[in-house]
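Trainee: This is the content of protein-v7.cif (mmCIF, C-alpha atoms):
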data_run
loop_
_atom_site.label_atom_id
_atom_site.label_comp_id
_atom_site.auth_asym_id
_atom_site.auth_seq_id
_atom_site.Cartn_x
_atom_site.Cartn_y
_atom_site.Cartn_z
CA MET A 1 146.91 96.17 92.14
CA MET A 2 143.85 96.75 89.90
CA LYS A 3 142.48 93.35 90.91
CA ARG A 4 142.72 94.27 94.59
CA LEU A 5 140.94 97.56 93.93
CA LYS A 6 138.14 95.76 92.08
CA LEU A 7 137.75 93.26 94.91
CA ALA A 8 137.70 96.09 97.46
CA ASN A 9 135.04 97.95 95.44
CA LEU A 10 132.94 94.79 95.10
CA TYR A 11 133.21 94.18 98.84
CA LEU A 12 132.18 97.77 99.58
CA ILE A 13 129.21 97.53 97.19
CA GLY A 14 128.16 94.26 98.84
CA VAL A 15 128.28 95.82 102.31
CA PHE A 16 126.14 98.78 101.20
CA ILE A 17 123.62 96.44 99.55
CA ILE A 18 123.29 94.43 102.77
CA LEU A 19 122.86 97.60 104.82
CA TYR A 20 120.44 99.47 102.56
CA ALA A 21 118.45 96.69 100.87
CA PRO A 22 116.03 96.23 103.84
CA ILE A 23 115.46 100.01 103.99
CA PHE A 24 114.70 100.25 100.25
CA TYR A 25 112.48 97.17 100.50
CA LEU A 26 110.52 98.83 103.33
CA ALA A 27 110.29 102.13 101.43
CA PHE A 28 109.19 100.37 98.23
CA TYR A 29 106.22 98.71 99.92
CA SER A 30 105.21 101.96 101.63
CA PHE A 31 103.72 102.86 98.22
CA ASN A 32 101.80 99.58 97.97
CA SER A 33 98.01 99.92 97.89
CA ALA A 34 97.70 96.47 99.49
CA ASP A 35 98.27 96.14 103.22
CA ASN A 36 101.09 93.58 102.89
CA MET A 37 104.74 93.26 101.87
CA THR A 38 104.40 90.23 99.62
CA ASN A 39 102.23 91.42 96.73
CA PHE A 40 102.62 94.88 95.20
CA GLU A 41 99.22 95.74 93.71
CA SER A 42 99.50 99.40 92.66
CA PHE A 43 101.23 102.67 93.52
CA THR A 44 99.55 104.87 96.14
CA TRP A 45 100.25 107.81 98.47
CA ASP A 46 97.46 106.77 100.84
CA TRP A 47 99.73 105.52 103.62
CA TYR A 48 101.67 108.80 103.65
CA LYS A 49 98.40 110.76 103.69
CA GLU A 50 97.28 108.64 106.64
CA VAL A 51 100.50 109.40 108.48
CA PHE A 52 100.22 113.18 107.98
CA GLN A 53 96.50 113.19 108.84
CA ASP A 54 97.07 111.44 112.17
CA SER A 55 97.10 114.34 114.68
CA ARG A 56 98.34 112.13 117.53
CA LEU A 57 101.23 110.94 115.40
CA LEU A 58 102.13 114.52 114.44
CA ILE A 59 102.24 115.47 118.14
CA ILE A 60 104.59 112.52 118.75
CA VAL A 61 106.77 113.71 115.84
CA LEU A 62 106.89 117.17 117.42
CA ASN A 63 107.78 115.65 120.80
CA THR A 64 110.59 113.67 119.19
CA LEU A 65 112.01 116.71 117.37
CA VAL A 66 111.84 118.92 120.48
CA ILE A 67 113.59 116.28 122.59
CA ALA A 68 116.22 115.69 119.90
CA LEU A 69 117.01 119.39 119.32
CA LEU A 70 117.05 120.31 123.02
CA SER A 71 119.13 117.30 124.08
CA ALA A 72 121.57 117.80 121.17
CA ALA A 73 122.02 121.52 121.92
CA ILE A 74 122.45 121.07 125.69
CA SER A 75 124.69 118.01 125.37
CA THR A 76 126.85 119.83 122.80
CA ILE A 77 127.42 122.73 125.19
CA ILE A 78 128.21 120.40 128.10
CA GLY A 79 130.30 118.09 125.91
CA VAL A 80 132.43 120.93 124.47
CA LEU A 81 133.11 122.30 127.95
CA GLY A 82 133.87 118.78 129.19
CA ALA A 83 136.29 118.11 126.32
CA ILE A 84 138.07 121.42 126.99
CA GLY A 85 138.27 120.52 130.69
CA ILE A 86 139.71 117.07 129.96
CA GLN A 87 142.23 118.55 127.52
CA ALA A 88 143.33 121.07 130.18
CA VAL A 89 144.13 118.31 132.72
CA ARG A 90 147.89 118.04 133.15
CA LYS A 91 148.10 114.65 134.87
CA LYS A 92 147.85 111.78 132.41
CA ARG A 93 146.35 109.40 134.97
CA VAL A 94 143.54 111.82 135.79
CA GLU A 95 142.86 112.42 132.09
CA THR A 96 142.69 108.67 131.43
CA SER A 97 140.30 108.20 134.36
CA LEU A 98 138.01 110.97 133.08
CA LEU A 99 137.99 109.50 129.56
CA THR A 100 137.16 106.06 131.01
CA LEU A 101 134.25 107.48 133.00
CA ASN A 102 133.11 109.37 129.91
CA SER A 103 133.08 106.17 127.84
CA ILE A 104 130.93 104.16 130.27
CA LEU A 105 127.62 105.34 128.79
CA ILE A 106 128.90 104.63 125.27
CA VAL A 107 130.00 101.03 125.83
CA SER A 108 127.27 100.05 128.30
CA PRO A 109 124.22 98.20 126.88
CA ASP A 110 121.20 100.44 126.30
CA VAL A 111 119.00 98.16 128.38
CA ILE A 112 121.27 98.60 131.41
CA ILE A 113 121.39 102.38 130.92
CA GLY A 114 117.61 102.59 130.55
CA ALA A 115 116.97 100.48 133.65
CA SER A 116 119.50 102.54 135.63
CA PHE A 117 117.83 105.81 134.63
CA LEU A 118 114.42 104.37 135.51
CA ILE A 119 115.59 103.42 139.02
CA PHE A 120 117.38 106.76 139.41
CA PHE A 121 114.35 108.87 138.42
CA THR A 122 112.06 106.75 140.61
CA MET A 123 114.35 107.26 143.63
CA LEU A 124 114.44 111.04 143.04
CA GLY A 125 110.69 111.21 142.56
CA ILE A 126 110.98 112.59 139.01
CA GLN A 127 107.80 111.85 137.08
CA LEU A 128 108.39 109.85 133.94
CA GLY A 129 107.66 111.86 130.81
CA PHE A 130 109.22 114.80 128.98
CA THR A 131 111.75 115.66 131.72
CA SER A 132 112.98 112.10 132.25
CA VAL A 133 113.37 111.47 128.51
CA LEU A 134 115.20 114.78 127.99
CA LEU A 135 117.62 114.19 130.88
CA SER A 136 118.33 110.64 129.67
CA HIS A 137 119.04 111.78 126.11
CA ILE A 138 121.36 114.52 127.37
CA ALA A 139 123.18 112.00 129.58
CA PHE A 140 123.96 109.50 126.80
CA SER A 141 124.70 112.24 124.23
CA VAL A 142 127.33 114.15 126.26
CA PRO A 143 129.99 111.37 126.07
CA ILE A 144 129.47 111.18 122.29
CA VAL A 145 130.08 114.93 121.92
CA VAL A 146 133.20 114.72 124.11
CA ILE A 147 134.62 111.87 122.03
CA LEU A 148 134.06 113.81 118.78
CA VAL A 149 135.32 117.20 120.01
CA LEU A 150 138.40 115.99 121.90
CA PRO A 151 140.42 114.93 118.80
CA LYS A 152 140.06 118.44 117.33
CA LEU A 153 141.35 119.91 120.59
CA GLN A 154 144.29 117.51 120.62
CA GLU A 155 145.01 118.40 117.00
CA MET A 156 145.18 122.14 117.77
CA SER A 157 148.68 123.46 118.38
CA PRO A 158 149.23 124.97 121.86
CA THR A 159 151.14 127.80 120.19
CA LEU A 160 147.84 129.26 118.94
CA VAL A 161 146.64 129.75 122.51
CA ASP A 162 150.06 131.00 123.66
CA ALA A 163 150.19 133.52 120.80
CA ALA A 164 146.70 134.81 121.65
CA ARG A 165 147.66 135.26 125.31
CA ASP A 166 150.91 137.02 124.37
CA LEU A 167 148.83 139.47 122.32
CA GLY A 168 146.74 140.28 125.40
CA ALA A 169 143.68 138.12 124.80
CA SER A 170 141.64 137.23 127.87
CA ARG A 171 140.59 133.66 128.65
CA PHE A 172 137.15 134.37 127.24
CA ASP A 173 138.66 135.77 124.02
CA VAL A 174 140.93 132.73 123.70
CA LEU A 175 137.90 130.46 124.08
CA THR A 176 135.57 132.30 121.69
CA LYS A 177 138.05 133.55 119.07
CA VAL A 178 140.68 130.80 118.98
CA ILE A 179 139.51 127.49 120.44
CA LEU A 180 135.84 127.39 119.40
CA PRO A 181 136.44 128.45 115.75
CA TYR A 182 139.16 125.81 115.44
CA ILE A 183 137.04 122.96 116.82
CA THR A 184 133.87 123.99 114.94
CA PRO A 185 133.92 120.83 112.72
CA GLY A 186 134.03 118.69 115.88
CA ILE A 187 131.18 120.70 117.41
CA PHE A 188 129.04 120.21 114.30
CA ALA A 189 129.86 116.49 114.31
CA GLY A 190 128.94 116.20 117.99
CA PHE A 191 125.67 118.11 117.56
CA PHE A 192 124.44 116.16 114.54
CA THR A 193 125.52 112.82 116.00
CA ALA A 194 123.72 113.61 119.26
CA LEU A 195 120.68 114.68 117.23
CA THR A 196 120.55 111.44 115.24
CA TYR A 197 121.18 109.32 118.35
CA SER A 198 118.25 111.03 120.08
CA LEU A 199 115.95 110.58 117.08
CA ASP A 200 116.95 106.93 116.77
CA ASP A 201 116.97 105.88 120.44
CA PHE A 202 114.44 103.30 121.54
CA ALA A 203 115.80 101.18 124.40
CA VAL A 204 116.58 104.00 126.87
CA THR A 205 113.46 105.99 125.93
CA PHE A 206 111.27 102.91 126.37
CA PHE A 207 112.30 102.68 130.02
CA VAL A 208 111.96 106.36 130.96
CA THR A 209 108.89 107.45 128.97
CA GLY A 210 105.49 107.70 130.61
CA ASN A 211 102.60 109.99 131.61
CA GLY A 212 101.22 109.99 128.05
CA PHE A 213 104.52 111.18 126.57
CA THR A 214 106.19 109.09 123.88
CA THR A 215 108.60 109.39 120.95
CA LEU A 216 108.53 108.04 117.41
CA SER A 217 110.73 105.02 118.07
CA VAL A 218 108.50 103.85 120.93
CA GLU A 219 105.35 104.60 118.91
CA ILE A 220 106.62 102.60 115.90
CA TYR A 221 107.34 99.68 118.25
CA SER A 222 103.80 99.90 119.64
CA LEU A 223 102.30 100.02 116.14
CA ALA A 224 104.43 97.06 114.99
CA ARG A 225 103.17 94.94 117.90
CA GLN A 226 99.60 95.46 116.66
CA GLY A 227 100.47 93.95 113.28
CA ILE A 228 102.27 94.81 110.06
CA SER A 229 100.89 97.94 108.38
CA MET A 230 102.17 99.96 105.45
CA LYS A 231 101.60 103.02 107.66
CA ILE A 232 104.67 101.90 109.63
CA ASN A 233 106.60 101.64 106.36
CA ALA A 234 105.57 105.16 105.36
CA LEU A 235 106.48 106.58 108.77
CA SER A 236 109.84 104.77 108.79
CA THR A 237 110.61 106.03 105.28
CA VAL A 238 109.91 109.63 106.33
CA ILE A 239 112.22 109.25 109.34
CA PHE A 240 114.96 107.74 107.14
CA LEU A 241 114.72 110.62 104.65
CA PHE A 242 114.83 113.16 107.46
CA THR A 243 117.95 111.52 108.95
CA PHE A 244 119.52 111.32 105.48
CA LEU A 245 118.95 115.08 104.98
CA LEU A 246 120.52 115.75 108.39
CA VAL A 247 123.65 113.83 107.36
CA ILE A 248 123.84 115.71 104.04
CA GLY A 249 123.36 119.02 105.87
CA TYR A 250 126.12 118.15 108.33
CA TYR A 251 128.46 117.21 105.46
CA PHE A 252 128.01 120.55 103.69
CA LEU A 253 128.29 122.56 106.92
CA ASN A 254 131.45 120.64 107.85
CA GLN A 255 132.96 121.19 104.39
CA ARG A 256 132.13 124.90 104.59
CA SER A 257 133.77 125.28 108.01
CA VAL A 258 136.87 123.36 106.88
CA MET A 259 137.22 125.56 103.78
CA LYS A 260 136.76 128.67 105.90
CA LEU A 261 139.53 127.59 108.27
CA SER A 262 141.91 126.64 105.47
CA ARG A 263 141.30 129.84 103.51
CA PRO A 264 143.81 132.60 104.44
CA GLU A 265 142.19 135.70 105.85
CA VAL A 266 142.73 138.76 103.64
CA LYS A 267 142.85 142.19 105.29
#
What is this file in structure tokens?
Mentor:
Amino acid sequence: MMKRLKLANLYLIGVFIILYAPIFYLAFYSFNSADNMTNFESFTWDWYKEVFQDSRLLIIVLNTLVIALLSAAISTIIGVLGAIGIQAVRKKRVETSLLTLNSILIVSPDVIIGASFLIFFTMLGIQLGFTSVLLSHIAFSVPIVVILVLPKLQEMSPTLVDAARDLGASRFDVLTKVILPYITPGIFAGFFTALTYSLDDFAVTFFVTGNGFTTLSVEIYSLARQGISMKINALSTVIFLFTFLLVIGYYFLNQRSVMKLSRPEVK
């Protein structure tokens, strides 16, 4: 038994090394005074200073954050309502069909989704830029939110809703005081996952961006095509740290909400 545990731990450590080694390698050379990733000359903050002194890059960072926060918030609202609607469906065949349609954007290749959105926006006459990117990010984030919220709804006992109605609660009260507090961990998970997906997305954004509007992922791709620079390493390291802090923040918020739900209310 101990041998199996040791092998499992070694396997897990190996997987994490494979996943994180390239990121740490990139971050390590972001402090290299030389403009290469083969010879570390001396420690420097110059590449980070260059990143934060680039006004165009800071505007792109702001664009990326605005798109991510807006798309995550809107998709969370739509996704929660969609999950509640799917859960309320009585016919199993209809529910299965809705879940299948919901999963299309998750399982479809990003290139296909991006090309489809490009054709769709062109047909509607929507100018490529902020609006097209925002709508695209909302569209591919909603199914993610639904998938993460739905299990919490299925886990909730129907007797909670029945008890609230027996006590005279309206539908709005049932939604805001029973259902939403119970599925709060799922809502947090959906919001933060949608946020990180939006920050990370390249393929879909590459197709629908335009009119001078761009996001960090597309900008990093453009910079990388011009040649390897430690400025890209510094920028990528900052994005990784920001995403890491988001995950940590989600973990603590989720733990807090779980503890709040499990703690008996004292009157």
Trainee: In Å, rounded to a single decimal, give me how far atom CA of A:Glu50 is from atom CA of A:Leu26.
Mentor: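 Going from atom CA of A:Leu26 over to atom CA of A:Glu50, I get 16.8 Å.
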Trainee: Take the PyMOL selection byres ((chain A and resi 61) around 12), apply it to the structure above, and return the hits as JSON, numbers by chain.
Mentor: {"A": [51, 52, 54, 55, 56, 57, 58, 59, 60, 62, 63, 64, 65, 66, 67, 68, 199, 213, 214, 215, 216, 217, 218, 219, 220, 235, 236, 238, 239, 242]}
Trainee: Edge lengths and centre, in Å to one decimal, as lines of an AutoDock Vina configuration file: that's what I need for the box along x, y and z that holds all listed atoms of stretch 203-207 of chain A plus 5 Å on each side.
Mentor:
center_x = 113.9
center_y = 103.6
center_z = 127.2
size_x = 15.3
size_y = 14.8
size_z = 15.6
Trainee: Just checking: using all atoms listed in the file, which residue out of A:Val146, A:Ala8, A:Leu246, A:Met156 ends up closest to A:Thr196?
Mentor: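 Closest candidate: A:Leu246.
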Trainee: Any chance you could work out the residue set of the PyMOL selection byres ((chain A and resi 136) around 8) here, as a compact mmCIF listing (two decimals) with C-alpha atoms, in the coordinates of the input?
Mentor:
# COMPACT_ATOMS: atom_id res chain seq x y z
CA PHE A 117 117.83 105.81 134.63
CA SER A 132 112.98 112.10 132.25
CA VAL A 133 113.37 111.47 128.51
CA LEU A 134 115.20 114.78 127.99
CA LEU A 135 117.62 114.19 130.88
CA HIS A 137 119.04 111.78 126.11
CA ILE A 138 121.36 114.52 127.37
CA ALA A 139 123.18 112.00 129.58
CA PHE A 140 123.96 109.50 126.80
CA VAL A 204 116.58 104.00 126.87
CA THR A 205 113.46 105.99 125.93
CA VAL A 208 111.96 106.36 130.96
Trainee: As a check of understanding, name the residues that the PyMOL selection byres ((chain A and resi 128) around 9) selects in the supplied structure, as a PDB file with C-alpha atoms, in the coordinates of the input.
Mentor:
ATOM      1  CA  LEU A 118     114.420 104.370 135.510  1.00  0.00           C
ATOM      2  CA  PHE A 121     114.350 108.870 138.420  1.00  0.00           C
ATOM      3  CA  THR A 122     112.060 106.750 140.610  1.00  0.00           C
ATOM      4  CA  ILE A 126     110.980 112.590 139.010  1.00  0.00           C
ATOM      5  CA  GLN A 127     107.800 111.850 137.080  1.00  0.00           C
ATOM      6  CA  GLY A 129     107.660 111.860 130.810  1.00  0.00           C
ATOM      7  CA  PHE A 130     109.220 114.800 128.980  1.00  0.00           C
ATOM      8  CA  THR A 131     111.750 115.660 131.720  1.00  0.00           C
ATOM      9  CA  SER A 132     112.980 112.100 132.250  1.00  0.00           C
ATOM     10  CA  VAL A 133     113.370 111.470 128.510  1.00  0.00           C
ATOM     11  CA  VAL A 208     111.960 106.360 130.960  1.00  0.00           C
ATOM     12  CA  THR A 209     108.890 107.450 128.970  1.00  0.00           C
ATOM     13  CA  GLY A 210     105.490 107.700 130.610  1.00  0.00           C
ATOM     14  CA  ASN A 211     102.600 109.990 131.610  1.00  0.00           C
ATOM     15  CA  PHE A 213     104.520 111.180 126.570  1.00  0.00           C
TER      16      PHE A 213
END
Trainee: Will you model all heavy atoms for stretch 157-168 of chain A and pass it back as a tab-separated table (two decimals), keeping the file's coordinate frame?
Mentor:
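Output (selection_1.tsv):
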chain	number	residue	atom	x	y	z
A	157	SER	N	147.36	123.17	117.83
A	157	SER	CA	148.68	123.46	118.38
A	157	SER	C	148.57	124.41	119.58
A	157	SER	O	147.85	125.41	119.53
A	157	SER	CB	149.56	124.11	117.31
A	157	SER	OG	150.79	124.51	117.86
A	158	PRO	N	149.26	124.09	120.68
A	158	PRO	CA	149.23	124.97	121.86
A	158	PRO	C	149.79	126.37	121.58
A	158	PRO	O	149.48	127.32	122.31
A	158	PRO	CB	150.12	124.23	122.87
A	158	PRO	CG	150.19	122.83	122.39
A	158	PRO	CD	150.07	122.90	120.90
A	159	THR	N	150.56	126.49	120.51
A	159	THR	CA	151.14	127.80	120.19
A	159	THR	C	150.07	128.82	119.80
A	159	THR	O	150.28	130.03	119.95
A	159	THR	CB	152.15	127.66	119.03
A	159	THR	OG1	151.51	127.05	117.90
A	159	THR	CG2	153.35	126.82	119.45
A	160	LEU	N	148.94	128.35	119.29
A	160	LEU	CA	147.84	129.26	118.94
A	160	LEU	C	147.31	129.95	120.19
A	160	LEU	O	147.08	131.17	120.19
A	160	LEU	CB	146.71	128.49	118.25
A	160	LEU	CG	147.00	127.92	116.86
A	160	LEU	CD1	145.82	127.08	116.38
A	160	LEU	CD2	147.28	129.05	115.87
A	161	VAL	N	147.13	129.18	121.26
A	161	VAL	CA	146.64	129.75	122.51
A	161	VAL	C	147.71	130.65	123.13
A	161	VAL	O	147.41	131.76	123.62
A	161	VAL	CB	146.25	128.62	123.50
A	161	VAL	CG1	145.84	129.20	124.85
A	161	VAL	CG2	145.13	127.78	122.91
A	162	ASP	N	148.96	130.20	123.09
A	162	ASP	CA	150.06	131.00	123.66
A	162	ASP	C	150.21	132.33	122.92
A	162	ASP	O	150.40	133.38	123.55
A	162	ASP	CB	151.38	130.21	123.57
A	162	ASP	CG	151.37	128.98	124.46
A	162	ASP	OD1	150.57	128.95	125.41
A	162	ASP	OD2	152.12	128.03	124.17
A	163	ALA	N	150.07	132.29	121.59
A	163	ALA	CA	150.19	133.52	120.80
A	163	ALA	C	149.06	134.49	121.13
A	163	ALA	O	149.28	135.70	121.25
A	163	ALA	CB	150.17	133.18	119.31
A	164	ALA	N	147.84	133.95	121.31
A	164	ALA	CA	146.70	134.81	121.65
A	164	ALA	C	146.90	135.46	123.02
A	164	ALA	O	146.60	136.64	123.20
A	164	ALA	CB	145.42	133.98	121.63
A	165	ARG	N	147.42	134.69	123.97
A	165	ARG	CA	147.66	135.26	125.31
A	165	ARG	C	148.78	136.29	125.28
A	165	ARG	O	148.71	137.31	125.99
A	165	ARG	CB	148.00	134.13	126.29
A	165	ARG	CG	146.79	133.27	126.66
A	165	ARG	CD	147.16	132.10	127.53
A	165	ARG	NE	145.99	131.34	127.92
A	165	ARG	CZ	146.05	130.16	128.54
A	165	ARG	NH1	147.25	129.63	128.83
A	165	ARG	NH2	144.94	129.53	128.86
A	166	ASP	N	149.81	136.04	124.48
A	166	ASP	CA	150.91	137.02	124.37
A	166	ASP	C	150.42	138.33	123.78
A	166	ASP	O	150.97	139.41	124.08
A	166	ASP	CB	152.02	136.45	123.48
A	166	ASP	CG	152.76	135.30	124.18
A	166	ASP	OD1	152.67	135.22	125.42
A	166	ASP	OD2	153.40	134.51	123.47
A	167	LEU	N	149.39	138.26	122.93
A	167	LEU	CA	148.83	139.47	122.32
A	167	LEU	C	147.80	140.16	123.21
A	167	LEU	O	147.18	141.14	122.80
A	167	LEU	CB	148.19	139.13	120.97
A	167	LEU	CG	149.17	138.69	119.88
A	167	LEU	CD1	148.42	138.17	118.67
A	167	LEU	CD2	150.07	139.86	119.47
A	168	GLY	N	147.62	139.62	124.44
A	168	GLY	CA	146.74	140.28	125.40
A	168	GLY	C	145.32	139.77	125.42
A	168	GLY	O	144.45	140.41	126.03
